[in-house]
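**Q** File name model.pdb; file contents PDB, C-alpha atoms and all ligand atoms; full text below.
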```pdb
ATOM      1  CA  MET O   1     -13.365  39.969  -2.335
ATOM      2  CA  LEU O   2     -11.970  36.605  -3.418
ATOM      3  CA  ARG O   3     -14.531  33.899  -4.222
ATOM      4  CA  LEU O   4     -13.695  31.555  -1.318
ATOM      5  CA  GLU O   5     -12.674  34.190   1.221
ATOM      6  CA  GLY O   6     -14.037  33.430   4.683
ATOM      7  CA  LYS O   7     -14.610  29.734   3.916
ATOM      8  CA  ASN O   8     -12.867  27.030   5.933
ATOM      9  CA  ILE O   9     -12.193  23.925   3.875
ATOM     10  CA  LEU O  10     -10.958  20.433   4.719
ATOM     11  CA  VAL O  11      -9.401  18.446   1.838
ATOM     12  CA  THR O  12      -8.567  14.758   2.344
ATOM     13  CA  GLY O  13      -5.557  13.161   0.687
ATOM     14  CA  ALA O  14      -4.124  16.597  -0.085
ATOM     15  CA  GLY O  15      -0.420  15.680  -0.092
ATOM     16  CA  SER O  16      -0.371  14.929  -3.818
ATOM     17  CA  GLY O  17      -2.205  15.027  -7.121
ATOM     18  CA  ILE O  18      -5.704  16.469  -7.370
ATOM     19  CA  GLY O  19      -6.016  16.957  -3.589
ATOM     20  CA  GLN O  20      -2.871  19.073  -3.599
ATOM     21  CA  ALA O  21      -4.172  21.110  -6.550
ATOM     22  CA  ILE O  22      -7.508  21.632  -4.755
ATOM     23  CA  ALA O  23      -5.782  22.860  -1.578
ATOM     24  CA  VAL O  24      -3.603  25.259  -3.574
ATOM     25  CA  ARG O  25      -6.514  26.491  -5.707
ATOM     26  CA  PHE O  26      -8.752  27.055  -2.681
ATOM     27  CA  ALA O  27      -6.031  28.985  -0.849
ATOM     28  CA  ARG O  28      -5.493  31.088  -3.975
ATOM     29  CA  GLU O  29      -9.205  31.934  -3.921
ATOM     30  CA  GLY O  30      -8.943  33.052  -0.288
ATOM     31  CA  ALA O  31     -10.057  30.003   1.727
ATOM     32  CA  ASN O  32      -8.494  28.674   4.919
ATOM     33  CA  VAL O  33      -7.464  25.121   4.133
ATOM     34  CA  ALA O  34      -6.994  22.060   6.353
ATOM     35  CA  ILE O  35      -4.656  19.723   4.457
ATOM     36  CA  ASN O  36      -5.234  16.081   5.355
ATOM     37  CA  TYR O  37      -2.591  13.412   4.799
ATOM     38  CA  ARG O  38      -2.355   9.803   5.943
ATOM     39  CA  SER O  39       1.385   9.264   6.312
ATOM     40  CA  GLY O  40       4.573  11.228   5.780
ATOM     41  CA  PRO O  41       3.920  14.928   6.415
ATOM     42  CA  GLU O  42       6.622  16.034   3.918
ATOM     43  CA  LEU O  43       4.298  16.031   0.901
ATOM     44  CA  ALA O  44       1.556  17.761   2.886
ATOM     45  CA  GLU O  45       4.131  20.378   3.926
ATOM     46  CA  GLU O  46       4.878  20.927   0.245
ATOM     47  CA  THR O  47       1.135  21.404  -0.423
ATOM     48  CA  ARG O  48       1.074  23.916   2.385
ATOM     49  CA  ARG O  49       4.073  25.779   0.953
ATOM     50  CA  GLN O  50       2.443  25.952  -2.495
ATOM     51  CA  ALA O  51      -0.896  27.022  -0.978
ATOM     52  CA  HIS O  52       0.765  29.870   0.929
ATOM     53  CA  GLU O  53       2.599  31.006  -2.157
ATOM     54  CA  ALA O  54      -0.556  30.886  -4.329
ATOM     55  CA  ALA O  55      -2.528  32.811  -1.693
ATOM     56  CA  ARG O  56       0.177  35.417  -1.356
ATOM     57  CA  MET O  57       0.506  35.901  -5.133
ATOM     58  CA  ASN O  58      -3.260  36.413  -5.371
ATOM     59  CA  GLY O  59      -3.534  38.859  -2.494
ATOM     60  CA  ALA O  60      -5.197  36.344  -0.141
ATOM     61  CA  ILE O  61      -2.896  37.353   2.661
ATOM     62  CA  GLY O  62      -5.216  36.249   5.485
ATOM     63  CA  ALA O  63      -5.606  32.659   4.219
ATOM     64  CA  LYS O  64      -4.510  30.101   6.814
ATOM     65  CA  THR O  65      -3.441  26.489   6.342
ATOM     66  CA  ILE O  66      -3.077  23.626   8.793
ATOM     67  CA  LEU O  67      -1.990  19.997   8.403
ATOM     68  CA  VAL O  68      -4.274  17.283   9.789
ATOM     69  CA  GLN O  69      -3.101  13.685   9.866
ATOM     70  CA  ALA O  70      -5.787  10.986   9.536
ATOM     71  CA  ASP O  71      -6.469   7.710   7.785
ATOM     72  CA  VAL O  72      -9.946   8.452   6.396
ATOM     73  CA  ALA O  73     -10.889   4.793   6.702
ATOM     74  CA  ARG O  74     -10.542   4.956  10.513
ATOM     75  CA  GLU O  75     -13.499   6.368  12.403
ATOM     76  CA  GLU O  76     -11.467   7.649  15.359
ATOM     77  CA  ASP O  77      -9.006   9.400  13.026
ATOM     78  CA  VAL O  78     -11.844  11.149  11.186
ATOM     79  CA  THR O  79     -13.456  12.321  14.422
ATOM     80  CA  ALA O  80     -10.146  13.727  15.667
ATOM     81  CA  MET O  81      -9.395  15.367  12.285
ATOM     82  CA  PHE O  82     -12.692  17.281  12.293
ATOM     83  CA  ALA O  83     -12.254  18.299  15.912
ATOM     84  CA  THR O  84      -8.818  19.740  15.102
ATOM     85  CA  ALA O  85      -9.981  21.590  11.969
ATOM     86  CA  ALA O  86     -13.071  22.981  13.714
ATOM     87  CA  SER O  87     -11.105  24.180  16.723
ATOM     88  CA  GLU O  88      -8.270  25.706  14.642
ATOM     89  CA  PHE O  89     -10.598  27.524  12.227
ATOM     90  CA  GLY O  90     -13.641  27.989  14.496
ATOM     91  CA  ARG O  91     -15.815  26.092  12.002
ATOM     92  CA  VAL O  92     -15.577  23.996   8.823
ATOM     93  CA  ASP O  93     -17.710  25.054   5.829
ATOM     94  CA  VAL O  94     -16.631  22.674   3.064
ATOM     95  CA  LEU O  95     -15.430  19.054   3.071
ATOM     96  CA  VAL O  96     -13.664  17.686  -0.002
ATOM     97  CA  ASN O  97     -13.561  13.881  -0.024
ATOM     98  CA  ASN O  98     -10.574  13.429  -2.301
ATOM     99  CA  ALA O  99      -8.507  10.561  -0.805
ATOM    100  CA  GLY O 100      -8.597   7.492  -3.006
ATOM    101  CA  ILE O 101      -6.640   4.392  -3.948
ATOM    102  CA  GLN O 102      -6.810   1.637  -6.551
ATOM    103  CA  LYS O 103      -5.286  -1.804  -6.955
ATOM    104  CA  PRO O 104      -5.460  -3.584 -10.302
ATOM    105  CA  SER O 105      -6.230  -7.295 -10.444
ATOM    106  CA  ALA O 106      -8.269  -9.725 -12.511
ATOM    107  CA  SER O 107     -11.538  -9.914 -10.603
ATOM    108  CA  GLU O 108     -11.230 -13.636  -9.831
ATOM    109  CA  ASP O 109      -7.836 -13.016  -8.176
ATOM    110  CA  ILE O 110      -8.797 -10.107  -5.909
ATOM    111  CA  GLU O 111      -7.678 -10.595  -2.312
ATOM    112  CA  MET O 112     -10.432  -9.654   0.116
ATOM    113  CA  ALA O 113      -8.037  -7.485   2.111
ATOM    114  CA  ASP O 114      -7.417  -5.406  -1.037
ATOM    115  CA  PHE O 115     -11.130  -5.280  -1.841
ATOM    116  CA  ASP O 116     -11.923  -4.091   1.686
ATOM    117  CA  ARG O 117      -9.107  -1.533   1.724
ATOM    118  CA  VAL O 118     -10.105   0.136  -1.570
ATOM    119  CA  LEU O 119     -13.762   0.308  -0.528
ATOM    120  CA  GLY O 120     -12.646   1.298   2.977
ATOM    121  CA  VAL O 121     -10.734   4.357   1.788
ATOM    122  CA  ASN O 122     -12.741   5.409  -1.272
ATOM    123  CA  LEU O 123     -16.310   4.846  -0.093
ATOM    124  CA  ARG O 124     -16.420   4.104   3.634
ATOM    125  CA  GLY O 125     -13.834   6.847   4.188
ATOM    126  CA  ALA O 126     -15.869   9.326   2.148
ATOM    127  CA  PHE O 127     -18.970   8.442   4.163
ATOM    128  CA  LEU O 128     -17.158   8.685   7.511
ATOM    129  CA  CYS O 129     -15.933  12.181   6.619
ATOM    130  CA  ALA O 130     -19.334  13.202   5.214
ATOM    131  CA  ARG O 131     -21.085  11.985   8.362
ATOM    132  CA  GLN O 132     -18.730  13.969  10.558
ATOM    133  CA  ALA O 133     -19.162  17.033   8.325
ATOM    134  CA  ILE O 134     -22.962  16.802   8.492
ATOM    135  CA  ARG O 135     -22.886  16.472  12.288
ATOM    136  CA  HIS O 136     -20.672  19.554  12.412
ATOM    137  CA  PHE O 137     -22.786  21.549   9.892
ATOM    138  CA  ARG O 138     -25.951  20.789  11.870
ATOM    139  CA  SER O 139     -24.351  21.840  15.153
ATOM    140  CA  ARG O 140     -24.210  25.496  14.091
ATOM    141  CA  PRO O 141     -26.094  27.785  11.649
ATOM    142  CA  GLY O 142     -25.130  28.225   7.994
ATOM    143  CA  GLY O 143     -25.244  24.746   6.424
ATOM    144  CA  GLY O 144     -22.233  23.507   4.478
ATOM    145  CA  VAL O 145     -20.891  21.828   1.367
ATOM    146  CA  ILE O 146     -19.640  18.287   0.760
ATOM    147  CA  LEU O 147     -17.722  17.559  -2.446
ATOM    148  CA  ASN O 148     -16.700  14.078  -3.556
ATOM    149  CA  ASN O 149     -13.867  13.297  -5.934
ATOM    150  CA  SER O 150     -15.498  10.577  -7.979
ATOM    151  CA  SER O 151     -14.391   9.485 -11.470
ATOM    152  CA  VAL O 152     -15.685   8.746 -14.938
ATOM    153  CA  HIS O 153     -15.756   5.216 -13.488
ATOM    154  CA  GLU O 154     -18.805   6.331 -11.546
ATOM    155  CA  ILE O 155     -20.612   5.392 -14.783
ATOM    156  CA  ILE O 156     -18.015   3.679 -17.013
ATOM    157  CA  PRO O 157     -17.141   0.105 -15.957
ATOM    158  CA  LYS O 158     -13.455  -0.552 -15.223
ATOM    159  CA  PRO O 159     -12.580  -4.239 -15.625
ATOM    160  CA  LYS O 160      -9.528  -5.347 -13.623
ATOM    161  CA  TYR O 161     -10.163  -2.475 -11.171
ATOM    162  CA  LEU O 162     -13.410  -3.803  -9.744
ATOM    163  CA  PRO O 163     -13.186  -2.446  -6.150
ATOM    164  CA  TYR O 164     -12.264   1.013  -7.499
ATOM    165  CA  SER O 165     -15.077   0.942 -10.039
ATOM    166  CA  ILE O 166     -17.608  -0.179  -7.401
ATOM    167  CA  SER O 167     -16.406   2.517  -5.006
ATOM    168  CA  LYS O 168     -16.980   5.266  -7.558
ATOM    169  CA  GLY O 169     -20.380   3.823  -8.546
ATOM    170  CA  GLY O 170     -21.252   3.924  -4.853
ATOM    171  CA  MET O 171     -20.013   7.480  -4.642
ATOM    172  CA  GLU O 172     -22.671   8.571  -7.131
ATOM    173  CA  ASN O 173     -25.353   7.201  -4.858
ATOM    174  CA  LEU O 174     -23.663   8.616  -1.754
ATOM    175  CA  THR O 175     -23.678  12.042  -3.411
ATOM    176  CA  LYS O 176     -27.320  11.877  -4.486
ATOM    177  CA  SER O 177     -28.714  10.284  -1.321
ATOM    178  CA  LEU O 178     -26.993  12.743   1.021
ATOM    179  CA  ALA O 179     -27.928  15.665  -1.260
ATOM    180  CA  LEU O 180     -31.588  14.694  -1.118
ATOM    181  CA  GLU O 181     -31.596  13.975   2.608
ATOM    182  CA  TYR O 182     -30.032  17.307   3.568
ATOM    183  CA  ALA O 183     -31.181  19.649   0.775
ATOM    184  CA  GLY O 184     -33.665  21.323   3.123
ATOM    185  CA  GLN O 185     -30.999  21.978   5.748
ATOM    186  CA  GLY O 186     -28.626  24.168   3.759
ATOM    187  CA  ILE O 187     -26.221  21.344   2.969
ATOM    188  CA  ARG O 188     -25.198  20.866  -0.668
ATOM    189  CA  VAL O 189     -23.541  17.621  -1.802
ATOM    190  CA  ASN O 190     -21.930  17.306  -5.227
ATOM    191  CA  ALA O 191     -19.196  15.365  -6.984
ATOM    192  CA  VAL O 192     -16.607  15.901  -9.680
ATOM    193  CA  GLY O 193     -15.884  13.035 -12.071
ATOM    194  CA  PRO O 194     -12.385  13.409 -13.537
ATOM    195  CA  GLY O 195     -11.198  11.454 -16.556
ATOM    196  CA  ALA O 196      -7.462  10.813 -16.907
ATOM    197  CA  VAL O 197      -5.415  13.291 -14.880
ATOM    198  CA  VAL O 198      -1.633  13.648 -14.625
ATOM    199  CA  THR O 199      -1.120  12.597 -10.979
ATOM    200  CA  PRO O 200       0.843   9.946  -9.048
ATOM    201  CA  ILE O 201      -2.075   7.472  -9.162
ATOM    202  CA  ASN O 202      -1.310   7.193 -12.902
ATOM    203  CA  LYS O 203       2.442   6.668 -12.537
ATOM    204  CA  ALA O 204       2.094   3.573 -14.740
ATOM    205  CA  TRP O 205       1.698   5.766 -17.842
ATOM    206  CA  ILE O 206       2.294   9.474 -17.284
ATOM    207  CA  ASP O 207       6.055   9.350 -17.881
ATOM    208  CA  ASN O 208       5.946   6.651 -20.563
ATOM    209  CA  PRO O 209       5.272   8.379 -23.912
ATOM    210  CA  LYS O 210       4.006   5.192 -25.605
ATOM    211  CA  ALA O 211       1.636   4.247 -22.780
ATOM    212  CA  ARG O 212       0.505   7.851 -22.378
ATOM    213  CA  GLY O 213      -0.174   8.144 -26.111
ATOM    214  CA  GLU O 214      -2.313   5.013 -25.881
ATOM    215  CA  VAL O 215      -4.327   6.460 -22.960
ATOM    216  CA  GLU O 216      -4.732   9.838 -24.640
ATOM    217  CA  SER O 217      -5.826   8.263 -27.931
ATOM    218  CA  HIS O 218      -9.087   7.314 -26.209
ATOM    219  CA  ILE O 219      -9.824  10.844 -24.958
ATOM    220  CA  PRO O 220     -11.880  13.006 -27.359
ATOM    221  CA  MET O 221      -9.933  16.136 -26.362
ATOM    222  CA  GLY O 222      -6.719  14.226 -27.101
ATOM    223  CA  ARG O 223      -4.918  14.803 -23.800
ATOM    224  CA  ALA O 224      -4.974  14.008 -20.104
ATOM    225  CA  ALA O 225      -5.935  16.805 -17.687
ATOM    226  CA  ALA O 226      -3.680  18.828 -15.425
ATOM    227  CA  ALA O 227      -4.765  18.544 -11.780
ATOM    228  CA  ASP O 228      -5.666  22.245 -11.660
ATOM    229  CA  GLU O 229      -8.261  21.719 -14.406
ATOM    230  CA  ILE O 230     -10.072  19.471 -11.944
ATOM    231  CA  ALA O 231      -9.437  21.722  -8.926
ATOM    232  CA  SER O 232     -11.155  24.619 -10.694
ATOM    233  CA  VAL O 233     -14.391  22.627 -10.897
ATOM    234  CA  PHE O 234     -14.174  21.903  -7.173
ATOM    235  CA  ALA O 235     -13.654  25.614  -6.529
ATOM    236  CA  PHE O 236     -16.833  26.443  -8.434
ATOM    237  CA  LEU O 237     -18.866  23.816  -6.555
ATOM    238  CA  ALA O 238     -17.457  24.977  -3.199
ATOM    239  CA  SER O 239     -18.350  28.583  -3.917
ATOM    240  CA  ASP O 240     -21.617  30.454  -3.648
ATOM    241  CA  ASP O 241     -21.650  30.523  -7.473
ATOM    242  CA  ALA O 242     -22.991  26.967  -7.140
ATOM    243  CA  SER O 243     -25.553  27.888  -4.466
ATOM    244  CA  TYR O 244     -28.432  26.155  -6.307
ATOM    245  CA  VAL O 245     -26.508  23.026  -7.381
ATOM    246  CA  THR O 246     -26.865  19.824  -5.372
ATOM    247  CA  GLY O 247     -26.810  16.075  -6.019
ATOM    248  CA  GLN O 248     -24.807  16.411  -9.241
ATOM    249  CA  THR O 249     -21.613  14.962 -10.634
ATOM    250  CA  ILE O 250     -19.814  17.294 -13.021
ATOM    251  CA  PHE O 251     -17.619  15.242 -15.317
ATOM    252  CA  ALA O 252     -14.334  16.981 -16.131
ATOM    253  CA  CYS O 253     -13.091  14.336 -18.515
ATOM    254  CA  GLY O 254     -12.209  15.795 -21.914
ATOM    255  CA  GLY O 255     -15.254  14.064 -23.387
ATOM    256  CA  LEU O 256     -14.570  10.530 -22.080
ATOM    257  CA  THR O 257     -18.167  10.079 -20.986
ATOM    258  CA  LEU O 258     -19.446  10.892 -24.499
ATOM    259  CA  TYR O 259     -19.109   7.349 -25.897
ATOM    260  CA  PRO O 260     -15.934   8.214 -27.893
ATOM    261  CA  GLU O 261     -16.388   5.186 -30.147
ATOM    262  CA  PHE O 262     -19.332   7.050 -31.687
ATOM    263  CA  ARG O 263     -17.082   9.789 -33.084
ATOM    264  CA  VAL O 264     -17.589   8.033 -36.385
ATOM    265  CA  ALA O 265     -21.050   6.885 -37.416
ATOM    266  CA  TRP O 266     -20.537   3.121 -37.343
ATOM    267  CA  SER O 267     -23.897   2.077 -35.942
ATOM    268  CA  SER O 268     -26.233   3.025 -38.811
ATOM    269  CA  GLY O 269     -26.355   4.737 -42.185
ATOM    270  CA  GLU O 270     -25.196   3.749 -45.660
TER     271      GLU O 270
HETATM  272  P1  LIG O 301      -2.920  10.495  -5.720
HETATM  273  O1  LIG O 301      -2.493   9.090  -5.492
HETATM  274  O2  LIG O 301      -1.896  11.526  -5.951
HETATM  275  O3  LIG O 301      -3.856  11.017  -4.554
HETATM  276  C1  LIG O 301      -4.504  10.211  -3.616
HETATM  277  C2  LIG O 301      -4.200  10.769  -2.247
HETATM  278  O4  LIG O 301      -5.005  10.088  -1.275
HETATM  279  C3  LIG O 301      -2.733  10.593  -1.848
HETATM  280  O5  LIG O 301      -2.223  11.811  -1.362
HETATM  281  C4  LIG O 301      -2.796   9.544  -0.749
HETATM  282  O6  LIG O 301      -1.774   9.674   0.217
HETATM  283  C5  LIG O 301      -4.165   9.846  -0.160
HETATM  284  N1  LIG O 301      -4.694   8.720   0.619
HETATM  285  C6  LIG O 301      -4.716   7.421   0.264
HETATM  286  N2  LIG O 301      -5.264   6.692   1.247
HETATM  287  C7  LIG O 301      -5.599   7.561   2.238
HETATM  288  C8  LIG O 301      -6.207   7.411   3.494
HETATM  289  N3  LIG O 301      -6.566   6.200   3.953
HETATM  290  N4  LIG O 301      -6.410   8.515   4.256
HETATM  291  C9  LIG O 301      -6.038   9.746   3.806
HETATM  292  N5  LIG O 301      -5.453   9.950   2.614
HETATM  293  C10 LIG O 301      -5.242   8.857   1.836
HETATM  294  O7  LIG O 301      -3.903  10.426  -6.977
HETATM  295  P2  LIG O 301      -5.020  11.453  -7.495
HETATM  296  O8  LIG O 301      -5.190  11.163  -8.928
HETATM  297  O9  LIG O 301      -4.738  12.821  -7.078
HETATM  298  O10 LIG O 301      -6.322  10.904  -6.746
HETATM  299  C11 LIG O 301      -7.163  11.726  -5.979
HETATM  300  C12 LIG O 301      -8.617  11.306  -6.207
HETATM  301  O11 LIG O 301      -8.936  11.554  -7.581
HETATM  302  C13 LIG O 301      -8.903   9.836  -5.961
HETATM  303  O12 LIG O 301     -10.122   9.712  -5.244
HETATM  304  C14 LIG O 301      -9.040   9.272  -7.348
HETATM  305  O13 LIG O 301      -9.891   8.161  -7.396
HETATM  306  C15 LIG O 301      -9.633  10.446  -8.081
HETATM  307  N6  LIG O 301      -9.480  10.370  -9.537
HETATM  308  C16 LIG O 301      -8.243  10.463 -10.110
HETATM  309  C17 LIG O 301      -8.136  10.377 -11.490
HETATM  310  C18 LIG O 301      -6.818  10.472 -12.192
HETATM  311  O14 LIG O 301      -6.756  10.190 -13.411
HETATM  312  N7  LIG O 301      -5.745  10.880 -11.545
HETATM  313  C19 LIG O 301      -9.283  10.190 -12.272
HETATM  314  C20 LIG O 301     -10.510  10.088 -11.655
HETATM  315  C21 LIG O 301     -10.612  10.180 -10.281
END
```
Give the structure from this file in structure tokens form.
Ligand code: NAD
**A**
Amino acid sequence: MLRLEGKNILVTGAGSGIGQAIAVRFAREGANVAINYRSGPELAEETRRQAHEAARMNGAIGAKTILVQADVAREEDVTAMFATAASEFGRVDVLVNNAGIQKPSASEDIEMADFDRVLGVNLRGAFLCARQAIRHFRSRPGGGVILNNSSVHEIIPKPKYLPYSISKGGMENLTKSLALEYAGQGIRVNAVGPGAVVTPINKAWIDNPKARGEVESHIPMGRAAAADEIASVFAFLASDDASYVTGQTIFACGGLTLYPEFRVAWSSGE
């Protein structure tokens, strides 16, 4: 039996990047996957095509996929998205809060509309989906799992990306507070904290060898991650292999959270 067989999973922002890799990975491991997208179903259709292919290649012939449109920052969209996923699959077992945006700006120049939008998608959106998931999990037996796509910026400050950095800091507390509140009710809540991953959010540097070399020079493992290297951590946390893990962020960051500047002993000694 495949590890995620029989599990129904909703992934937000799954038309590209890490969300797409999660949807494909979960389908490959046997899950039924609801693929959320905000606008333009073409990319979500491509995720669906890849998910089907991955499932087929791995013998997960029963795995189903559906597309669910919603802006995660809009309460009514989130309610409708869960209703669709629950009625199509019968129930939802795992929510992956993956949708996220960023907008660089010197902090003194941030427009409030941009501040509100980044927090609205990354943090308010994650809470709206988590709230709906918890209501759904508590409406039937069996508990459930909530997974948040956080970032190394959960703990590492990110000047010039203040709303993003705040949203991921908040996500740590969202993860821990919900985990503690619902630990006794069969609901596990965890997060993954990626470092630099090759996805569209990083279009500023992924195809520019000089800029990419600069980014990768700061990463102890010397390279950015492929999206599937992040998706595999989500698959573990979604599975029963992680049945005793809650309230944690697993950093999949090539060592970025290890204070890379301390690779050489500059702080003490001879
Ligand atoms: P991405 O831009 O490819 O993915 C973000 C997805 O979210 C897109 O598909 C986008 O359409 C969707 N989205 C945006 N607003 C939405 C909304 N209101 N409702 C529904 N969907 C919406 O980039 P990615 O790197 O795959 O980012 C996915 C997550 O990973 C984000 O939360 C991001 O913060 C996190 N992350 C990425 C990296 C990285 O280096 N790529 C590192 C750490 C954390």
**Q** Residues within 6 Å of range 184-199 of chain O, please, as an NGL selection string. Count only C-alpha atoms; anything in the same chain fewer than 4 positions from it doesn't count.
**A** :O and (17 or 143-152 or 175 or 179 or 224-226 or 246-253)
**Q** Enumerate, in order of chain and increasing residue number, the residues of chain O with an atom no farther than 9 Å from ligand LIG 301 (chain O), each with its shortest atom pair and distance in Å to one decimal, counting only C-alpha atoms and all ligand atoms, as JSON lines.
**A**
```
{"residue": "O:Thr12", "atom": "CA", "partner": "O:LIG301", "partner_atom": "N5", "distance": 5.7}
{"residue": "O:Gly13", "atom": "CA", "partner": "O:LIG301", "partner_atom": "O4", "distance": 3.7}
{"residue": "O:Ala14", "atom": "CA", "partner": "O:LIG301", "partner_atom": "O5", "distance": 5.3}
{"residue": "O:Gly15", "atom": "CA", "partner": "O:LIG301", "partner_atom": "O5", "distance": 4.5}
{"residue": "O:Ser16", "atom": "CA", "partner": "O:LIG301", "partner_atom": "O2", "distance": 4.3}
{"residue": "O:Gly17", "atom": "CA", "partner": "O:LIG301", "partner_atom": "O9", "distance": 3.4}
{"residue": "O:Ile18", "atom": "CA", "partner": "O:LIG301", "partner_atom": "O9", "distance": 3.8}
{"residue": "O:Gly19", "atom": "CA", "partner": "O:LIG301", "partner_atom": "O9", "distance": 5.6}
{"residue": "O:Gln20", "atom": "CA", "partner": "O:LIG301", "partner_atom": "O9", "distance": 7.4}
{"residue": "O:Ala21", "atom": "CA", "partner": "O:LIG301", "partner_atom": "O9", "distance": 8.3}
{"residue": "O:Asn36", "atom": "CA", "partner": "O:LIG301", "partner_atom": "C9", "distance": 6.6}
{"residue": "O:Tyr37", "atom": "CA", "partner": "O:LIG301", "partner_atom": "N5", "distance": 5.0}
{"residue": "O:Arg38", "atom": "CA", "partner": "O:LIG301", "partner_atom": "C9", "distance": 4.3}
{"residue": "O:Ser39", "atom": "CA", "partner": "O:LIG301", "partner_atom": "O6", "distance": 6.9}
{"residue": "O:Gly40", "atom": "CA", "partner": "O:LIG301", "partner_atom": "O6", "distance": 8.6}
{"residue": "O:Leu43", "atom": "CA", "partner": "O:LIG301", "partner_atom": "O5", "distance": 8.1}
{"residue": "O:Ala44", "atom": "CA", "partner": "O:LIG301", "partner_atom": "O5", "distance": 8.2}
{"residue": "O:Gln69", "atom": "CA", "partner": "O:LIG301", "partner_atom": "C9", "distance": 7.8}
{"residue": "O:Ala70", "atom": "CA", "partner": "O:LIG301", "partner_atom": "N4", "distance": 5.9}
{"residue": "O:Asp71", "atom": "CA", "partner": "O:LIG301", "partner_atom": "N4", "distance": 3.6}
{"residue": "O:Val72", "atom": "CA", "partner": "O:LIG301", "partner_atom": "N4", "distance": 4.1}
{"residue": "O:Ala73", "atom": "CA", "partner": "O:LIG301", "partner_atom": "N3", "distance": 5.3}
{"residue": "O:Arg74", "atom": "CA", "partner": "O:LIG301", "partner_atom": "N3", "distance": 7.8}
{"residue": "O:Asn97", "atom": "CA", "partner": "O:LIG301", "partner_atom": "O12", "distance": 7.5}
{"residue": "O:Asn98", "atom": "CA", "partner": "O:LIG301", "partner_atom": "O12", "distance": 4.8}
{"residue": "O:Ala99", "atom": "CA", "partner": "O:LIG301", "partner_atom": "O4", "distance": 3.6}
{"residue": "O:Gly100", "atom": "CA", "partner": "O:LIG301", "partner_atom": "O12", "distance": 3.5}
{"residue": "O:Ile101", "atom": "CA", "partner": "O:LIG301", "partner_atom": "C6", "distance": 5.5}
{"residue": "O:Gln102", "atom": "CA", "partner": "O:LIG301", "partner_atom": "O13", "distance": 7.3}
{"residue": "O:Arg117", "atom": "CA", "partner": "O:LIG301", "partner_atom": "N3", "distance": 8.4}
{"residue": "O:Val118", "atom": "CA", "partner": "O:LIG301", "partner_atom": "N2", "distance": 8.6}
{"residue": "O:Gly120", "atom": "CA", "partner": "O:LIG301", "partner_atom": "N3", "distance": 7.9}
{"residue": "O:Val121", "atom": "CA", "partner": "O:LIG301", "partner_atom": "N3", "distance": 5.0}
{"residue": "O:Asn122", "atom": "CA", "partner": "O:LIG301", "partner_atom": "O12", "distance": 6.4}
{"residue": "O:Gly125", "atom": "CA", "partner": "O:LIG301", "partner_atom": "N3", "distance": 7.3}
{"residue": "O:Asn148", "atom": "CA", "partner": "O:LIG301", "partner_atom": "O12", "distance": 8.1}
{"residue": "O:Asn149", "atom": "CA", "partner": "O:LIG301", "partner_atom": "O12", "distance": 5.2}
{"residue": "O:Ser150", "atom": "CA", "partner": "O:LIG301", "partner_atom": "C21", "distance": 5.4}
{"residue": "O:Ser151", "atom": "CA", "partner": "O:LIG301", "partner_atom": "C20", "distance": 3.9}
{"residue": "O:Val152", "atom": "CA", "partner": "O:LIG301", "partner_atom": "C20", "distance": 6.3}
{"residue": "O:His153", "atom": "CA", "partner": "O:LIG301", "partner_atom": "C20", "distance": 7.4}
{"residue": "O:Tyr164", "atom": "CA", "partner": "O:LIG301", "partner_atom": "O13", "distance": 7.5}
{"residue": "O:Ser167", "atom": "CA", "partner": "O:LIG301", "partner_atom": "O13", "distance": 8.9}
{"residue": "O:Lys168", "atom": "CA", "partner": "O:LIG301", "partner_atom": "O13", "distance": 7.7}
{"residue": "O:Val192", "atom": "CA", "partner": "O:LIG301", "partner_atom": "C21", "distance": 8.3}
{"residue": "O:Gly193", "atom": "CA", "partner": "O:LIG301", "partner_atom": "C20", "distance": 6.1}
{"residue": "O:Pro194", "atom": "CA", "partner": "O:LIG301", "partner_atom": "C20", "distance": 4.3}
{"residue": "O:Gly195", "atom": "CA", "partner": "O:LIG301", "partner_atom": "C19", "distance": 4.9}
{"residue": "O:Ala196", "atom": "CA", "partner": "O:LIG301", "partner_atom": "O14", "distance": 3.6}
{"residue": "O:Val197", "atom": "CA", "partner": "O:LIG301", "partner_atom": "O14", "distance": 3.7}
{"residue": "O:Val198", "atom": "CA", "partner": "O:LIG301", "partner_atom": "N7", "distance": 5.8}
{"residue": "O:Thr199", "atom": "CA", "partner": "O:LIG301", "partner_atom": "O8", "distance": 4.8}
{"residue": "O:Pro200", "atom": "CA", "partner": "O:LIG301", "partner_atom": "O2", "distance": 4.4}
{"residue": "O:Ile201", "atom": "CA", "partner": "O:LIG301", "partner_atom": "O1", "distance": 4.0}
{"residue": "O:Asn202", "atom": "CA", "partner": "O:LIG301", "partner_atom": "N7", "distance": 5.9}
{"residue": "O:Lys203", "atom": "CA", "partner": "O:LIG301", "partner_atom": "O1", "distance": 8.9}
{"residue": "O:Ala224", "atom": "CA", "partner": "O:LIG301", "partner_atom": "O14", "distance": 7.9}
{"residue": "O:Ala225", "atom": "CA", "partner": "O:LIG301", "partner_atom": "O14", "distance": 7.9}
{"residue": "O:Ala227", "atom": "CA", "partner": "O:LIG301", "partner_atom": "O9", "distance": 7.4}
{"residue": "O:Cys253", "atom": "CA", "partner": "O:LIG301", "partner_atom": "C19", "distance": 8.4}
```
**Q** Using the chain letters and numbers from the file, which residues does the PyMOL selection byres (((chain O and resi 24) around 9) and not hetatm) grab, as a PyMOL selection string?
**A** chain O and resi 19-23+25-29+33+47-55+228+231
**Q** Between CA of Arg138 in chain O and CA of Asn32 in chain O, what is the spacing in Å?
**A** 20.4 Å
**Q** Separation of CA of Leu128 in chain O and CA of Glu75 in chain O, in Å?
**A** 6.5 Å
**Q** At what distance in Å, to one decimal, does CA of Arg263 in chain O lie from CA of Arg212 in chain O?
**A** 20.7 Å
